[in-house]
Structures are given as C-alpha cells and as structure tokens.
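Have a look at the structure below, then the notes.
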Amino acid sequence: MWLKNLNAHYLLFGFLASVTIIADRLSNHMLKGTIILQVNLDRVINDIETLATFTATPGNGVTKSSYSHEDKLAKEYLKNEMEKIGLKVWQDEFSTLFGRREGKNPDAPVIMIGSHYDSVVNGGAFDGVAGVVAALEILRVFQENNIENDYPIEIIAMNAEEGETFGPGTGVSNSRALVGTLTEKELDTVKNRHGLTKREAMKAYGLVPDLAKAKREKGSIKNFIELHIEQGPVLDNHQIDVGLVEYLPGIGRYKVKFHGSLEDSTAPMASRKDAMVAASKFVLAVNQIVQSLGTGITGTVGEFEISPNSHQFVPDYVQASVEIRTFDKKILDEINLRDRFMTEIKSIQKETNVDIELIEMARIGYSNPTPPSVMSKENVEIMKRICDELHYKHTIINNGTGHDAMIMTDFAPTNLIYVPSKDGISHHPDEWTDYEDLKKGIDVMMHLVYEICK
Ligand SMILES: [Zn+2]
C-alpha cells in the first residue's frame with residue numbers, strides 16, 4: 001500500500017523484485033544514503049511464526065520463560081539464523097546471545113541492535129521477538145547487499161527481560177548484566193515459579209553465570225537500538241506507522257503498610273486505630289507533595305488491600321502501592337521523596353495511632369525513583385527524516401513499560417522504535433502487529449543503522 005504514495009521513479013524500481021539496491025540518482029528529497037534497502041517480509045514472518053512455536057502453552061499464546069526448554073530452542077534457532085549470514089555467534093556469561101558482523105574497523109565501538117525473546121506466561125508472539133527479528137533481518141539485508149560497515153554491528157538477543165518470571169524489579173536482566181548493574185545478590189535471592197533462584201535456573205540451563213565477564217566497558221558500545229511493539233494503543237488508534245521515543249519516564253515504587261486494630265463498627269470514634277483513615281490521609285499527602293513538585297513528576301496511589309474489607313469492622317490493616325513517574329532528570333536532584341513521605345507518615349501516625357511502614361520497591365542497585373531514560377535526540381531526528389522520505393506516518397511517544405533500552409541510556413546513545421500493537425494489547429495471546437507495520441518499523445531502523453554504521 002505504501003508504494004502508492006511514492007513518486008513514479010521510486011515506484012518503478014519498487015516493483016522490480018529482483019532489484020534490491022537503487023543507486024542514488026534520485027532527487028535530494030529521497031533518502032540521504034546512497035541505496036535503498038529492501039526488507040524481505042516473508043523471512044520476517046517465518047521468524048516470528050517459528051519463534052512462536054517454542055512455547056510451553058501450545059494453543060494458548062506464547063510461554064517462553066527465561067532459562068526454560070523453549071528459551072533454549074529459540075536460542076538455537078536464532079543462533080542458526082545468525083550463522084547462516086556469516087555472523088560470529090556466541091553466548092556471553094549471562095546467557096545473552098550475540099551475533100557480530102565485523103566492521104572495517106574491528107576495534108571501533110559496536111552498534112548493538114536487538115531486543116529480548118523471552119515472554120510472559122501466555123504472552124504473544126511479538127513482544128521482544130519483533131525487535132530480535134528486526135535486527136536479524138537488517139543484517140541479512142546488509143549481507144545480501146554487501147554493505148560495508150565501518151563500525152562492527154552486533155545483534156543482541158536477550159532471554160531474561162520479563163519481570164514476571166522472577167518477580168517485580170527482576171526484569172531487563174541481560175541489559176543490566178551488560179552495563180554492570182545486575183548484582184550477584186539478585187541471582188541468589190529472587191525465585192521463579194518453580195522455586196529456582198536465578199543462579200539455579202541458569203545452572204539448570206547449562207550456564208554458570210560470571211557477571212564480571214558479561215559486563216561491557218563503557219565506550220565499547222557506539223549505539224544501542226531496539227525496536228519493540230508499542231504495548232499501548234496510540235499508534236493503532238491514530239493509524240500511525242512508527243513511534244519514536246525521546247525519553248521513557250523514570251519510575252519509583254513504594255509499598256505502604258498501615259497497621260491499626262480490628263474493632264466493631266460500634267467502637268467509639270476517639271479511641272480507634274483505623275488503618276483506612278490513616279491510609280486515606282496518606283493518599284492525600286502523596287497527591288499534595290507530588291503536585292507541589294511541578295510537572296516533571298507524577299505520583300499515584302492506585303492499589304489498596306483492606307482487611308477485613310467489611311462494612312461491619314474498623315479496618316485493622318491496609319496496604320497501598322505508590323507509583324511515581326519522572327519526566328525530568330533534574331527533578332531528582334532537588335527532592336528526597338522518601339524523606340518527604342516519612343515526614344507525613346510520622347505526623348499521620350501521631351494523629352491516628354496507626355503504625356505505618358514505608359517499603360521501597362526499588363530494583364537492586366537503582367535509585368527510587370529512577371530518572372527518566374533519555375534517548376539519542378540526534379538519531380530521533382535522523383529517523384524522523386527517514387520516515388518522511390519513506391512516507392511513513394510517525395509520532396513521538398514518550399511512554400511505555402520497562403524496556404532494555406531504558407537500562408542502556410546512561411551507558412550508550414540509545415534509541416527505541418515502536419511499531420503498532422493492535423488495540424494496544426500485549427502480554428496476551430491476542431497480541432498482534434500487522435506484518436506490514438512491522439516492516440515499516442524495520443525499514444526505519446535499518447536505514448538508521450545504515451547511516452550510522454559508516
Ligand atoms: Zn518486551
């Protein structure tokens with residue numbers, strides 16, 4: 001369909017299936033590079049469909065947990081596909097799979113492209129996998145067109161991204177291992193649904209982790225580029241082809257426990273220790289504190305557990321979850337959110353006689369909240385231009401769930417490209433991205449990599 005929008009000169013070549021390279025004899029509003037590369041959509045579809053067959057729940061979405069049998073099968077498939085195009089393939093000491101296309105300058109920092117291929121239980125075929133397949137297809141196209149890259153290019157295929165497998169705060173593990181923020185402690189403390197710690201699960205997978213060896217040197221990665229499904233409805237609702245991310249908000253999480261005493265609803269008001277009253281005051285306090293900090297931060301108390309949750313009793317226990325999002329890096333220099341919450345908690349405790357516990361739900365080794373992850377602005381501008389030249393509708397989307405790209409932003413210039421998720425659905429068997437849409441995302445990423453690899 002997209003060919004319809006292009007000029008006649010371009011159209012003519014577009015129909016010649018055998019012609020994959022077009023010399024840049026076109027006017028300067030065409031792609032700045034010297035060639036136009038063609039994604040082979042059949043190969044992409046075959047990859048996505050094959051990887052979806054490695055599932056522990058056939059007929060009910062894709063279940064490809066980290067260090068599972070299905071993880072191994074998927075890794076083997078990817079390894080074979082990478083070897084077919086002459087890449088140097090290896091698994092690092094944290095189980096991350098790499099495929100390297102050497103650069104003319106082998107000592108130059110590497111352009112790293114890819115995503116994760118593990119999934120949640122009963123997930124979809126596209127989350128993560130779309131980005132791994134994009135990277136693979138880009139290097140296939142480079143291979144068949146004899147592209148000469150000065151910088152080495154590495155596909156990264158990660159297998160432990162989903163936080164569901166080992167619990168909240170344990171996701172994006174491969175990228176954390178890569179930048180050196182994953183700790184030995186985490187390997188021994190968090191457990192999957194089979195009761196295995198990360199280290200035990202890795203051992204059963206056939207790997208003794210060595211975090212010191214898996215860590216890359218700062219400066220050794222020139223760019224990190226990830227394509228991912230949006231997991232939200234913006235692109236699909238507005239019929240936009242490609243989403244470009246300028247930054248992803250930082251995140252902070254707290255759990256707050258209110259311990260009161262259980263009494264009948266006839267108990268006198270003055271002597272009560274009502275956990276719900278204390279929690280309500282805290283909700284208002286969070287709202288006020290965060291509002292006073294301006295537009296660079298938001299805070300939400302959106303989850304409650306109440307015990308006994310009955311109209312006949314004064315609640316003796318309430319648990320609330322606070323979610324903080326940050327949009328401005330500077331905001332974190334100026335505030336100490338924990339201290340501000342604690343000041344309020346002390347005063348509510350005094351007022352209500354309810355004991356209150358504030359628990360930080362930070363990822364080990366990370367601040368709470370984290371600062372926003374800011375992407376390479378320069379590359380966003382290049383991609384906007386590529387989208388215009390390819391006549392793809394694009395928009396900036398500055399939100400999303402946790403992605404490996406988020407971990408990489410302070411380590412290397414990073415970019416994240418979104419392709420549409422049908423009805424915004426993800427982590428579900430119905431997760432879907434039209435293949436034509438995926439192709440457009442790969443096109444944009446491929447031409448970016450082509451421009452920056454020289
Ligand atoms: Zn994902």
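Convention: chains lettered A, B, ... in structure tokens order; per-chain residue numbering from 1; ligands numbered from 1 as shown.
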
Problem - Contacts to ligand 1 at 7 Å cut-off (only C-alpha atoms and all ligand atoms) as a list in words - result: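 Every residue with an atom at most 7 Å from ligand 1 is listed here: His116, Asp127, Gly128, Glu161, Glu162, His228 and His403 of chain A.
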
Practice task
Could you find all residues in stretch 237-402 of chain A that DSSP calls alpha helix (DSSP H) from the backbone, and write them as a PyMOL selection string?
Solution key: chain A and resi 237+275-291+331-334+337-352+377-390

Stretch 62-136 of chain A near stretch 141-153 of chain A within 6 Å: what's each residue's closest atom pair and its distance in Å to one decimal, counting only C-alpha atoms, ordered by chain then ascending residue number, as a tab-separated table?
```
residue	atom	partner	partner_atom	distance
A:Arg100	CA	A:Ile153	CA	5.8
A:Arg101	CA	A:Ile153	CA	5.2
A:Glu102	CA	A:Pro152	CA	4.7
A:Gly103	CA	A:Pro152	CA	3.9
A:Lys104	CA	A:Asp150	CA	4.4
A:Asn105	CA	A:Asp150	CA	5.4
A:Ala108	CA	A:Tyr151	CA	5.7
A:Val110	CA	A:Pro152	CA	4.9
A:Ile111	CA	A:Ile153	CA	4.7
A:Met112	CA	A:Ile153	CA	5.9
```

Dump of C-alpha atoms for the selected residues, as a short mmCIF file (atom, residue, chain, number, x, y, z; two decimals), in the first residue's frame:
```
data_model
loop_
_atom_site.label_atom_id
_atom_site.label_comp_id
_atom_site.auth_asym_id
_atom_site.auth_seq_id
_atom_site.Cartn_x
_atom_site.Cartn_y
_atom_site.Cartn_z
CA ARG A 100 28.55 -9.94 15.21
CA ARG A 101 29.08 -8.58 11.72
CA GLU A 102 32.64 -7.34 11.76
CA GLY A 103 33.33 -3.73 10.85
CA LYS A 104 36.05 -2.38 8.58
CA ASN A 105 37.46 -1.09 11.82
CA ALA A 108 35.69 0.59 16.80
CA VAL A 110 29.91 -1.56 18.27
CA ILE A 111 26.41 -0.71 17.07
CA MET A 112 24.18 -3.04 19.07
#
```

Practice task
Identify which of the residues A:Ile221, A:Met202, A:Leu51, A:Ala275 lies closest to A:Asp118, counting only C-alpha atoms when measuring atom-to-atom distances.
Solution key: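 Ranked by minimum distance to A:Asp118, first place goes to A:Leu51.
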
Handout entry: Selection near A:Lys273, 10 Å with only C-alpha atoms, sequence-local residues under 6 positions removed, as a VMD selection string
Key = chain A and resid 258 to 263 314 to 317 349 351 to 355

Completion exercise
In Å and to one decimal, atom CA of A:Met375 is distant from atom CA of A:Pro249 by 11.1 Å

Please report as JSON lines every residue of stretch 405-428 of chain A lying within 12 Å of stretch 237-244 of chain A, along with the nearest atom pair and their distance in Å (one decimal), using only C-alpha atoms.
```
{"residue": "A:Thr414", "atom": "CA", "partner": "A:Leu244", "partner_atom": "CA", "distance": 11.7}
{"residue": "A:Asn415", "atom": "CA", "partner": "A:Leu244", "partner_atom": "CA", "distance": 8.2}
{"residue": "A:Leu416", "atom": "CA", "partner": "A:Leu244", "partner_atom": "CA", "distance": 6.6}
{"residue": "A:Ile417", "atom": "CA", "partner": "A:Leu244", "partner_atom": "CA", "distance": 5.1}
{"residue": "A:Tyr418", "atom": "CA", "partner": "A:Gly243", "partner_atom": "CA", "distance": 4.6}
{"residue": "A:Val419", "atom": "CA", "partner": "A:Val242", "partner_atom": "CA", "distance": 5.3}
{"residue": "A:Pro420", "atom": "CA", "partner": "A:Asp241", "partner_atom": "CA", "distance": 6.8}
{"residue": "A:Ser421", "atom": "CA", "partner": "A:Asn237", "partner_atom": "CA", "distance": 9.5}
{"residue": "A:Lys422", "atom": "CA", "partner": "A:Asn237", "partner_atom": "CA", "distance": 8.6}
{"residue": "A:Asp423", "atom": "CA", "partner": "A:Asn237", "partner_atom": "CA", "distance": 7.3}
{"residue": "A:Gly424", "atom": "CA", "partner": "A:Asn237", "partner_atom": "CA", "distance": 8.5}
{"residue": "A:Ile425", "atom": "CA", "partner": "A:Asn237", "partner_atom": "CA", "distance": 12.0}
```

Write the residues of the preceding selection, restricted to C-alpha atoms, as a tab-separated table (two decimals), in the first residue's frame.
```tsv
chain	number	residue	atom	x	y	z
A	414	THR	CA	20.22	4.64	22.75
A	415	ASN	CA	17.07	4.64	20.63
A	416	LEU	CA	13.73	2.91	20.86
A	417	ILE	CA	11.35	2.50	17.94
A	418	TYR	CA	7.72	1.45	18.43
A	419	VAL	CA	5.53	-0.40	15.95
A	420	PRO	CA	1.73	-0.58	16.41
A	421	SER	CA	0.08	-3.05	18.80
A	422	LYS	CA	-3.41	-3.96	17.63
A	423	ASP	CA	-5.84	-2.46	20.19
A	424	GLY	CA	-2.85	-1.83	22.45
A	425	ILE	CA	-2.94	-5.45	23.64
```

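Minimum atom-to-atom distance to A:Arg325, evaluated using only C-alpha atoms, belongs to A:Val301 out of A:Ile382, A:Val301, A:Val444, A:Val245.
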
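Summary of the local environment: counting only C-alpha atoms, residues at most 12 Å from A:Glu184, other than itself and those fewer than 6 positions away along its chain, are Phe94, Ser173, Arg176, Ala177, Val190, Thr197, Lys198, Arg199, Val208, Pro209, Asp210, Leu211, Ala212, Ile364 and Gly365 of chain A.
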
Residues at most 8 Å from stretch 55-65 of chain A, counting only C-alpha atoms, excluding those fewer than 2 positions away in the same chain, as an mmCIF file with N, CA and C atoms, in the first residue's frame?
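The file below, out-v9.cif, is the result:
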```cif
data_model
loop_
_atom_site.group_PDB
_atom_site.id
_atom_site.type_symbol
_atom_site.label_atom_id
_atom_site.label_comp_id
_atom_site.auth_asym_id
_atom_site.auth_seq_id
_atom_site.Cartn_x
_atom_site.Cartn_y
_atom_site.Cartn_z
ATOM 1 N N ALA A 52 7.340 -18.385 17.649
ATOM 2 C CA ALA A 52 6.103 -18.565 18.431
ATOM 3 C C ALA A 52 5.794 -20.040 18.693
ATOM 4 N N THR A 53 6.429 -20.917 17.921
ATOM 5 C CA THR A 53 6.173 -22.348 18.150
ATOM 6 C C THR A 53 6.930 -22.873 19.373
ATOM 7 N N TYR A 67 15.407 -19.233 30.657
ATOM 8 C CA TYR A 67 16.121 -20.469 31.042
ATOM 9 C C TYR A 67 15.259 -21.721 30.940
ATOM 10 N N SER A 68 14.167 -21.642 30.192
ATOM 11 C CA SER A 68 13.319 -22.815 30.002
ATOM 12 C C SER A 68 13.798 -23.597 28.774
ATOM 13 N N GLU A 70 12.043 -23.976 26.157
ATOM 14 C CA GLU A 70 11.616 -23.173 24.991
ATOM 15 C C GLU A 70 12.632 -22.055 24.703
ATOM 16 N N ASP A 71 13.187 -21.492 25.771
ATOM 17 C CA ASP A 71 14.249 -20.484 25.635
ATOM 18 C C ASP A 71 15.405 -21.099 24.837
ATOM 19 N N TYR A 117 13.787 -12.174 23.599
ATOM 20 C CA TYR A 117 12.877 -13.158 23.001
ATOM 21 C C TYR A 117 12.137 -13.982 24.046
ATOM 22 N N ASP A 118 12.374 -13.733 25.338
ATOM 23 C CA ASP A 118 11.582 -14.426 26.364
ATOM 24 C C ASP A 118 10.195 -13.788 26.434
ATOM 25 N N SER A 119 9.268 -14.482 27.054
ATOM 26 C CA SER A 119 7.904 -13.954 27.135
ATOM 27 C C SER A 119 7.323 -14.203 28.519
ATOM 28 N N VAL A 120 6.210 -13.555 28.777
ATOM 29 C CA VAL A 120 5.456 -13.857 29.997
ATOM 30 C C VAL A 120 4.698 -15.172 29.764
ATOM 31 N N VAL A 121 4.042 -15.677 30.785
ATOM 32 C CA VAL A 121 3.198 -16.873 30.637
ATOM 33 C C VAL A 121 1.957 -16.466 29.841
ATOM 34 N N ASN A 122 1.623 -17.237 28.815
ATOM 35 C CA ASN A 122 0.507 -16.931 27.906
ATOM 36 C C ASN A 122 0.624 -15.535 27.292
ATOM 37 N N GLY A 123 1.825 -15.223 26.849
ATOM 38 C CA GLY A 123 2.054 -13.933 26.179
ATOM 39 C C GLY A 123 1.798 -14.045 24.685
ATOM 40 N N GLY A 124 2.327 -13.062 23.935
ATOM 41 C CA GLY A 124 2.095 -13.038 22.493
ATOM 42 C C GLY A 124 3.359 -13.345 21.712
ATOM 43 N N ALA A 125 3.235 -13.243 20.395
ATOM 44 C CA ALA A 125 4.334 -13.622 19.511
ATOM 45 C C ALA A 125 5.254 -12.452 19.164
ATOM 46 N N ASN A 159 17.337 -12.981 26.867
ATOM 47 C CA ASN A 159 16.397 -14.041 27.248
ATOM 48 C C ASN A 159 15.815 -13.874 28.655
ATOM 49 N N ALA A 160 16.091 -12.746 29.306
ATOM 50 C CA ALA A 160 15.585 -12.585 30.679
ATOM 51 C C ALA A 160 15.116 -11.150 30.897
ATOM 52 N N THR A 165 8.843 -13.376 35.356
ATOM 53 C CA THR A 165 9.456 -14.676 35.605
ATOM 54 C C THR A 165 10.036 -14.793 37.023
ATOM 55 N N HIS A 428 -0.421 -11.100 26.115
ATOM 56 C CA HIS A 428 -1.698 -11.792 25.947
ATOM 57 C C HIS A 428 -1.634 -12.554 24.625
ATOM 58 N N PRO A 429 -2.325 -13.716 24.552
ATOM 59 C CA PRO A 429 -2.304 -14.465 23.278
ATOM 60 C C PRO A 429 -2.801 -13.638 22.080
ATOM 61 N N ASP A 430 -3.634 -12.630 22.327
ATOM 62 C CA ASP A 430 -4.173 -11.814 21.221
ATOM 63 C C ASP A 430 -3.234 -10.697 20.762
#
```
